[in-house]
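*Asks:* Below is entry_31.pdb; it holds PDB, C-alpha atoms.
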```pdb
ATOM      1  CA  MET K   1     -12.944 -28.667  26.286  1.00  0.00           C
ATOM      2  CA  ASN K   2     -14.342 -30.224  23.120  1.00  0.00           C
ATOM      3  CA  GLN K   3     -13.849 -28.881  19.580  1.00  0.00           C
ATOM      4  CA  LEU K   4     -17.343 -27.331  19.394  1.00  0.00           C
ATOM      5  CA  SER K   5     -16.798 -25.416  22.628  1.00  0.00           C
ATOM      6  CA  LYS K   6     -13.447 -24.132  21.397  1.00  0.00           C
ATOM      7  CA  THR K   7     -15.017 -23.014  18.130  1.00  0.00           C
ATOM      8  CA  VAL K   8     -17.871 -21.231  19.883  1.00  0.00           C
ATOM      9  CA  LEU K   9     -15.453 -19.562  22.286  1.00  0.00           C
ATOM     10  CA  THR K  10     -13.237 -18.433  19.405  1.00  0.00           C
ATOM     11  CA  LEU K  11     -16.222 -16.993  17.550  1.00  0.00           C
ATOM     12  CA  LEU K  12     -17.424 -15.134  20.639  1.00  0.00           C
ATOM     13  CA  VAL K  13     -13.989 -13.631  21.239  1.00  0.00           C
ATOM     14  CA  ALA K  14     -13.707 -12.631  17.583  1.00  0.00           C
ATOM     15  CA  ALA K  15     -17.180 -11.076  17.592  1.00  0.00           C
ATOM     16  CA  ALA K  16     -16.424  -9.143  20.761  1.00  0.00           C
ATOM     17  CA  SER K  17     -13.148  -7.800  19.403  1.00  0.00           C
ATOM     18  CA  ILE K  18     -14.714  -6.852  16.083  1.00  0.00           C
ATOM     19  CA  GLY K  19     -17.538  -5.065  17.864  1.00  0.00           C
ATOM     20  CA  ALA K  20     -15.132  -3.231  20.129  1.00  0.00           C
ATOM     21  CA  SER K  21     -12.843  -2.170  17.305  1.00  0.00           C
ATOM     22  CA  SER K  22     -15.714  -1.050  15.090  1.00  0.00           C
ATOM     23  CA  SER K  23     -17.233   1.055  17.857  1.00  0.00           C
ATOM     24  CA  VAL K  24     -13.860   2.677  18.522  1.00  0.00           C
ATOM     25  CA  TYR K  25     -13.454   3.301  14.805  1.00  0.00           C
ATOM     26  CA  ALA K  26     -16.936   4.801  14.518  1.00  0.00           C
ATOM     27  CA  GLU K  27     -16.181   7.235  17.330  1.00  0.00           C
ATOM     28  CA  THR K  28     -12.803   8.395  16.042  1.00  0.00           C
ATOM     29  CA  GLN K  29     -13.310   8.237  12.252  1.00  0.00           C
ATOM     30  CA  LEU K  30      -9.676   7.683  11.372  1.00  0.00           C
ATOM     31  CA  THR K  31      -8.471   8.934   8.022  1.00  0.00           C
ATOM     32  CA  GLY K  32      -5.384   8.635   5.890  1.00  0.00           C
ATOM     33  CA  CYS K  33      -2.482   6.557   7.108  1.00  0.00           C
ATOM     34  CA  ALA K  34      -4.037   6.078  10.548  1.00  0.00           C
ATOM     35  CA  ALA K  35      -7.092   4.463   8.942  1.00  0.00           C
ATOM     36  CA  LYS K  36      -4.856   2.206   6.836  1.00  0.00           C
ATOM     37  CA  ARG K  37      -2.886   1.161   9.911  1.00  0.00           C
ATOM     38  CA  GLU K  38      -6.018   0.418  11.925  1.00  0.00           C
ATOM     39  CA  SER K  39      -7.539  -1.591   9.084  1.00  0.00           C
ATOM     40  CA  ILE K  40      -4.388  -3.708   8.752  1.00  0.00           C
ATOM     41  CA  ARG K  41      -4.138  -4.146  12.531  1.00  0.00           C
ATOM     42  CA  SER K  42      -7.748  -5.319  12.660  1.00  0.00           C
ATOM     43  CA  GLU K  43      -7.144  -7.867   9.902  1.00  0.00           C
ATOM     44  CA  LEU K  44      -3.919  -8.902  11.611  1.00  0.00           C
ATOM     45  CA  ARG K  45      -5.720  -9.575  14.912  1.00  0.00           C
ATOM     46  CA  GLN K  46      -8.324 -11.674  13.111  1.00  0.00           C
ATOM     47  CA  ALA K  47      -5.656 -13.653  11.244  1.00  0.00           C
ATOM     48  CA  GLN K  48      -3.765 -14.271  14.495  1.00  0.00           C
ATOM     49  CA  GLU K  49      -6.936 -15.462  16.215  1.00  0.00           C
ATOM     50  CA  GLN K  50      -7.622 -17.828  13.339  1.00  0.00           C
ATOM     51  CA  GLY K  51      -4.046 -19.097  13.284  1.00  0.00           C
ATOM     52  CA  LEU K  52      -3.402 -18.079   9.678  1.00  0.00           C
ATOM     53  CA  SER K  53       0.383 -17.734   9.830  1.00  0.00           C
ATOM     54  CA  ASP K  54       0.890 -16.886   6.131  1.00  0.00           C
ATOM     55  CA  LYS K  55      -1.710 -14.129   6.323  1.00  0.00           C
ATOM     56  CA  VAL K  56      -0.188 -12.855   9.583  1.00  0.00           C
ATOM     57  CA  ALA K  57       3.214 -12.629   7.890  1.00  0.00           C
ATOM     58  CA  GLY K  58       1.803 -10.755   4.901  1.00  0.00           C
ATOM     59  CA  LEU K  59      -0.187  -8.351   7.042  1.00  0.00           C
ATOM     60  CA  THR K  60       2.829  -7.737   9.268  1.00  0.00           C
ATOM     61  CA  ARG K  61       4.848  -6.789   6.185  1.00  0.00           C
ATOM     62  CA  ALA K  62       2.015  -4.561   4.979  1.00  0.00           C
ATOM     63  CA  LEU K  63       1.847  -2.820   8.355  1.00  0.00           C
ATOM     64  CA  ASP K  64       5.620  -2.313   8.328  1.00  0.00           C
ATOM     65  CA  GLU K  65       5.367  -0.770   4.844  1.00  0.00           C
ATOM     66  CA  VAL K  66       2.566   1.576   5.890  1.00  0.00           C
ATOM     67  CA  ASN K  67       4.505   2.609   8.993  1.00  0.00           C
ATOM     68  CA  ALA K  68       7.643   3.245   6.948  1.00  0.00           C
ATOM     69  CA  HIS K  69       6.228   4.883   3.839  1.00  0.00           C
ATOM     70  CA  CYS K  70       2.665   6.120   4.268  1.00  0.00           C
ATOM     71  CA  ARG K  71       2.316   9.895   4.369  1.00  0.00           C
ATOM     72  CA  ASP K  72      -1.034  11.628   4.699  1.00  0.00           C
ATOM     73  CA  ASN K  73      -0.104  14.436   2.317  1.00  0.00           C
ATOM     74  CA  VAL K  74       0.750  11.894  -0.401  1.00  0.00           C
ATOM     75  CA  LEU K  75      -2.580  10.110   0.104  1.00  0.00           C
ATOM     76  CA  VAL K  76      -4.448  13.421  -0.138  1.00  0.00           C
ATOM     77  CA  GLU K  77      -2.527  14.366  -3.270  1.00  0.00           C
ATOM     78  CA  ARG K  78      -3.302  11.010  -4.947  1.00  0.00           C
ATOM     79  CA  HIS K  79      -6.948  11.282  -3.958  1.00  0.00           C
ATOM     80  CA  ASN K  80      -7.201  14.814  -5.348  1.00  0.00           C
ATOM     81  CA  LYS K  81      -5.618  13.678  -8.617  1.00  0.00           C
ATOM     82  CA  LYS K  82      -8.234  10.924  -8.894  1.00  0.00           C
ATOM     83  CA  ILE K  83     -10.980  13.503  -8.346  1.00  0.00           C
ATOM     84  CA  VAL K  84      -9.557  15.821 -11.015  1.00  0.00           C
ATOM     85  CA  LYS K  85      -9.336  12.902 -13.437  1.00  0.00           C
ATOM     86  CA  ALA K  86     -12.929  11.885 -12.685  1.00  0.00           C
ATOM     87  CA  GLN K  87     -14.114  15.483 -13.165  1.00  0.00           C
ATOM     88  CA  ALA K  88     -12.367  15.580 -16.541  1.00  0.00           C
ATOM     89  CA  LYS K  89     -14.069  12.335 -17.524  1.00  0.00           C
ATOM     90  CA  VAL K  90     -17.482  13.778 -16.586  1.00  0.00           C
ATOM     91  CA  SER K  91     -16.762  16.949 -18.581  1.00  0.00           C
ATOM     92  CA  GLN K  92     -15.583  15.010 -21.629  1.00  0.00           C
ATOM     93  CA  THR K  93     -18.588  12.700 -21.521  1.00  0.00           C
ATOM     94  CA  GLU K  94     -20.974  15.671 -21.159  1.00  0.00           C
ATOM     95  CA  ARG K  95     -19.329  17.258 -24.194  1.00  0.00           C
ATOM     96  CA  SER K  96     -19.610  14.057 -26.227  1.00  0.00           C
ATOM     97  CA  LEU K  97     -23.259  13.717 -25.262  1.00  0.00           C
ATOM     98  CA  ARG K  98     -24.030  17.334 -26.141  1.00  0.00           C
ATOM     99  CA  LEU K  99     -22.331  16.986 -29.538  1.00  0.00           C
ATOM    100  CA  ALA K 100     -24.212  13.765 -30.250  1.00  0.00           C
ATOM    101  CA  GLN K 101     -27.509  15.426 -29.341  1.00  0.00           C
ATOM    102  CA  GLU K 102     -26.744  18.495 -31.492  1.00  0.00           C
ATOM    103  CA  ALA K 103     -25.830  16.254 -34.431  1.00  0.00           C
ATOM    104  CA  ASN K 104     -29.071  14.279 -34.012  1.00  0.00           C
ATOM    105  CA  LYS K 105     -27.219  11.005 -33.608  1.00  0.00           C
ATOM    106  CA  GLU K 106     -29.086   7.733 -33.190  1.00  0.00           C
ATOM    107  CA  PRO K 107     -31.082   7.419 -29.964  1.00  0.00           C
ATOM    108  CA  LYS K 108     -29.091   4.269 -29.194  1.00  0.00           C
ATOM    109  CA  LYS K 109     -25.817   6.222 -29.309  1.00  0.00           C
ATOM    110  CA  ILE K 110     -27.260   9.004 -27.134  1.00  0.00           C
ATOM    111  CA  ALA K 111     -28.595   6.490 -24.608  1.00  0.00           C
ATOM    112  CA  LYS K 112     -25.170   4.854 -24.454  1.00  0.00           C
ATOM    113  CA  LEU K 113     -23.514   8.215 -23.781  1.00  0.00           C
ATOM    114  CA  GLU K 114     -26.132   9.047 -21.133  1.00  0.00           C
ATOM    115  CA  GLY K 115     -25.334   5.777 -19.378  1.00  0.00           C
ATOM    116  CA  LYS K 116     -21.640   6.510 -19.601  1.00  0.00           C
ATOM    117  CA  LEU K 117     -22.230   9.976 -18.143  1.00  0.00           C
ATOM    118  CA  GLU K 118     -24.244   8.618 -15.224  1.00  0.00           C
ATOM    119  CA  LYS K 119     -21.507   6.109 -14.466  1.00  0.00           C
ATOM    120  CA  ALA K 120     -18.832   8.819 -14.596  1.00  0.00           C
ATOM    121  CA  LYS K 121     -20.886  11.055 -12.283  1.00  0.00           C
ATOM    122  CA  ALA K 122     -21.394   8.176  -9.836  1.00  0.00           C
ATOM    123  CA  GLU K 123     -17.648   7.459  -9.771  1.00  0.00           C
ATOM    124  CA  LEU K 124     -16.931  11.152  -9.158  1.00  0.00           C
ATOM    125  CA  ALA K 125     -19.496  11.317  -6.346  1.00  0.00           C
ATOM    126  CA  ALA K 126     -18.010   8.212  -4.726  1.00  0.00           C
ATOM    127  CA  LEU K 127     -14.511   9.710  -4.839  1.00  0.00           C
ATOM    128  CA  GLN K 128     -15.741  13.006  -3.425  1.00  0.00           C
ATOM    129  CA  ALA K 129     -17.498  11.184  -0.581  1.00  0.00           C
ATOM    130  CA  GLN K 130     -14.335   9.282   0.359  1.00  0.00           C
ATOM    131  CA  GLN K 131     -11.764  10.693   2.700  1.00  0.00           C
ATOM    132  CA  PRO K 132      -8.185   9.993   1.689  1.00  0.00           C
TER     133      PRO K 132
END
```
Starting from the file, give its structure as C-alpha coordinates.

*Replies:*
Amino acid sequence: MNQLSKTVLTLLVAAASIGASSSVYAETQLTGCAAKRESIRSELRQAQEQGLSDKVAGLTRALDEVNAHCRDNVLVERHNKKIVKAQAKVSQTERSLRLAQEANKEPKKIAKLEGKLEKAKAELAALQAQQP
(Lines of atoms letter the chains of each structure in order from A and count residues from 1; the text may use other names and numbers.)
(Lines give C-alpha, C1' and ligand atoms only; values in the text may rest on other atoms or scores of the structure.)
Protein backbone atom coordinates (compact mmCIF):
# COMPACT_ATOMS: atom_id res chain seq x y z
CA MET A 1 0.00 0.00 0.00
CA ASN A 2 1.54 3.33 -0.98
CA GLN A 3 1.81 6.40 1.27
CA LEU A 4 -1.14 8.20 -0.36
CA SER A 5 -3.42 5.21 0.17
CA LYS A 6 -2.37 4.96 3.81
CA THR A 7 -3.04 8.66 4.31
CA VAL A 8 -6.47 8.46 2.69
CA LEU A 9 -7.34 5.38 4.73
CA THR A 10 -6.22 7.10 7.94
CA LEU A 11 -8.31 10.17 7.14
CA LEU A 12 -11.38 8.06 6.38
CA VAL A 13 -11.04 6.15 9.64
CA ALA A 14 -10.56 9.38 11.57
CA ALA A 15 -13.57 11.00 9.90
CA ALA A 16 -15.73 7.98 10.62
CA SER A 17 -14.73 7.88 14.28
CA ILE A 18 -15.24 11.61 14.69
CA GLY A 19 -18.66 11.38 13.09
CA ALA A 20 -19.63 8.44 15.26
CA SER A 21 -18.45 10.07 18.47
CA SER A 22 -20.10 13.39 17.67
CA SER A 23 -23.43 11.72 16.92
CA VAL A 24 -23.24 9.79 20.19
CA TYR A 25 -22.37 13.00 22.01
CA ALA A 26 -25.25 14.88 20.39
CA GLU A 27 -27.70 12.22 21.52
CA THR A 28 -26.53 12.00 25.12
CA GLN A 29 -25.47 15.61 25.82
CA LEU A 30 -22.91 14.78 28.48
CA THR A 31 -22.26 17.37 31.15
CA GLY A 32 -19.79 17.92 33.94
CA CYS A 33 -17.04 15.41 34.50
CA ALA A 34 -18.51 12.96 31.99
CA ALA A 35 -18.26 15.60 29.26
CA LYS A 36 -14.65 16.34 30.25
CA ARG A 37 -13.78 12.65 30.15
CA GLU A 38 -15.39 12.14 26.75
CA SER A 39 -13.66 15.20 25.31
CA ILE A 40 -10.26 13.97 26.52
CA ARG A 41 -10.96 10.43 25.28
CA SER A 42 -11.88 11.79 21.85
CA GLU A 43 -8.67 13.80 21.66
CA LEU A 44 -6.74 10.79 22.92
CA ARG A 45 -8.14 8.56 20.16
CA GLN A 46 -7.21 11.14 17.54
CA ALA A 47 -3.68 11.51 18.94
CA GLN A 48 -3.25 7.72 18.98
CA GLU A 49 -4.43 7.46 15.38
CA GLN A 50 -1.97 10.16 14.37
CA GLY A 51 0.87 8.56 16.30
CA LEU A 52 1.51 11.60 18.50
CA SER A 53 3.09 9.85 21.48
CA ASP A 54 3.83 13.01 23.50
CA LYS A 55 0.24 14.18 23.13
CA VAL A 56 -1.04 10.69 24.01
CA ALA A 57 1.03 10.76 27.20
CA GLY A 58 -0.26 14.20 28.18
CA LEU A 59 -3.87 13.32 27.45
CA THR A 60 -3.53 10.06 29.37
CA ARG A 61 -2.31 12.03 32.39
CA ALA A 62 -5.16 14.51 31.96
CA LEU A 63 -7.70 11.69 31.82
CA ASP A 64 -6.19 10.12 34.94
CA GLU A 65 -6.47 13.47 36.74
CA VAL A 66 -10.10 13.93 35.71
CA ASN A 67 -10.92 10.38 36.80
CA ALA A 68 -9.21 10.91 40.15
CA HIS A 69 -10.26 14.44 41.03
CA CYS A 70 -13.19 15.70 38.96
CA ARG A 71 -16.44 16.05 40.90
CA ASP A 72 -19.63 17.34 39.32
CA ASN A 73 -20.67 19.29 42.40
CA VAL A 74 -17.34 21.16 42.38
CA LEU A 75 -17.75 22.01 38.69
CA VAL A 76 -21.28 23.30 39.32
CA GLU A 77 -20.09 25.35 42.28
CA ARG A 78 -17.26 26.93 40.24
CA HIS A 79 -19.63 27.64 37.38
CA ASN A 80 -22.16 29.28 39.70
CA LYS A 81 -19.42 31.44 41.22
CA LYS A 82 -18.44 32.61 37.73
CA ILE A 83 -22.08 33.50 37.03
CA VAL A 84 -22.39 35.46 40.29
CA LYS A 85 -19.17 37.32 39.48
CA ALA A 86 -20.40 38.12 35.97
CA GLN A 87 -23.75 39.34 37.35
CA ALA A 88 -21.88 41.62 39.76
CA LYS A 89 -19.83 42.99 36.88
CA VAL A 90 -23.01 43.74 34.89
CA SER A 91 -24.57 45.47 37.92
CA GLN A 92 -21.46 47.54 38.60
CA THR A 93 -21.15 48.57 34.96
CA GLU A 94 -24.86 49.51 34.82
CA ARG A 95 -24.36 51.64 37.92
CA SER A 96 -21.29 53.34 36.45
CA LEU A 97 -23.16 54.03 33.23
CA ARG A 98 -26.18 55.43 35.06
CA LEU A 99 -23.98 57.72 37.17
CA ALA A 100 -22.12 58.93 34.09
CA GLN A 101 -25.41 59.67 32.33
CA GLU A 102 -26.81 61.50 35.37
CA ALA A 103 -23.63 63.57 35.64
CA ASN A 104 -23.81 64.45 31.93
CA LYS A 105 -20.37 63.03 31.26
CA GLU A 106 -18.81 63.21 27.81
CA PRO A 107 -20.58 61.16 25.14
CA LYS A 108 -17.28 59.36 24.53
CA LYS A 109 -17.16 58.19 28.16
CA ILE A 110 -20.81 57.08 28.05
CA ALA A 111 -20.25 55.20 24.79
CA LYS A 112 -17.25 53.45 26.33
CA LEU A 113 -19.33 52.39 29.34
CA GLU A 114 -22.15 51.21 27.06
CA GLY A 115 -19.67 49.03 25.18
CA LYS A 116 -18.32 47.69 28.44
CA LEU A 117 -21.86 46.90 29.59
CA GLU A 118 -22.70 45.05 26.38
CA LYS A 119 -19.54 42.99 26.71
CA ALA A 120 -20.32 42.16 30.35
CA LYS A 121 -23.88 41.14 29.42
CA ALA A 122 -22.59 38.94 26.58
CA GLU A 123 -20.14 37.21 28.94
CA LEU A 124 -22.94 36.63 31.46
CA ALA A 125 -25.25 35.23 28.77
CA ALA A 126 -22.51 32.89 27.55
CA LEU A 127 -21.91 31.59 31.08
CA GLN A 128 -25.62 31.11 31.67
CA ALA A 129 -25.94 29.18 28.40
CA GLN A 130 -23.10 26.82 29.35
CA GLN A 131 -23.67 23.71 31.38
CA PRO A 132 -20.98 23.01 33.95

*Asks:* Quick one: of K:Asp72, K:Lys82, K:Ile110, K:Thr93, who's nearest to K:Leu30, counting only C-alpha atoms?

*Replies:* K:Asp72

*Asks:* I want to know what sits within 8 Å of K:Ile83, based on all atoms listed in the file, with residues of the same chain fewer than 3 positions away left out; could you give that as number ranges by chain?

*Replies:* K: 79-80, 86-87, 124, 127-128

*Asks:* Have a look at atom CA of K:Gly32 and atom CA of K:Leu52 and let me know their distance in Å, one decimal.

*Replies:* 27.1 Å

*Asks:* Just to confirm, what's the straight-line distance from atom CA of K:Arg71 to atom CA of K:Ala129 in Å (one decimal)?

*Replies:*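 That distance, rounded to one decimal, is 20.5 Å.
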
*Asks:* Mind giving me the straight-line distance from atom CA of K:Thr31 to atom CA of K:Lys55 in Å, one decimal?

*Replies:*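 Here the two named atoms are 24.1 Å from each other.
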
*Asks:* Given all atoms listed in the file as the basis, pick out the residue of K:Ala126, K:Val90, K:Leu59, K:Leu113 nearest to K:Ala47.

*Replies:* K:Leu59

*Asks:* With distances taken over all atoms listed in the file, which residue among K:Arg95, K:Lys108, K:Lys36, K:Lys85 lies nearest K:Glu123?

*Replies:*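 Residue with the minimum atom-to-atom distance to K:Glu123: K:Lys85.
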
*Asks:* Starting from the shown file, work through the PyMOL selection byres ((chain K and resi 117) around 10) and note down what comes out as a ChimeraX atom specification.

*Replies:* /K:89-97,111-116,118-123

*Asks:* For K:Leu63, list every protein, DNA or RNA residue within 10 Å, evaluated using only C-alpha atoms, and leave out those in the same chain fewer than 3 positions away; present the list as an NGL selection string.

*Replies:* :K and (36-41 or 44 or 57-60 or 66-70)

*Asks:* Just need the box for stretch 99-108 of chain K, edges along x, y and z, holding every atom the file lists for it with 5 Å tacked onto each side, so centre and edge lengths in Å to one decimal, as AutoDock Vina command-line options.

*Replies:*
```
--center_x -26.7 --center_y 11.4 --center_z -31.8 --size_x 18.8 --size_y 24.2 --size_z 15.2
```
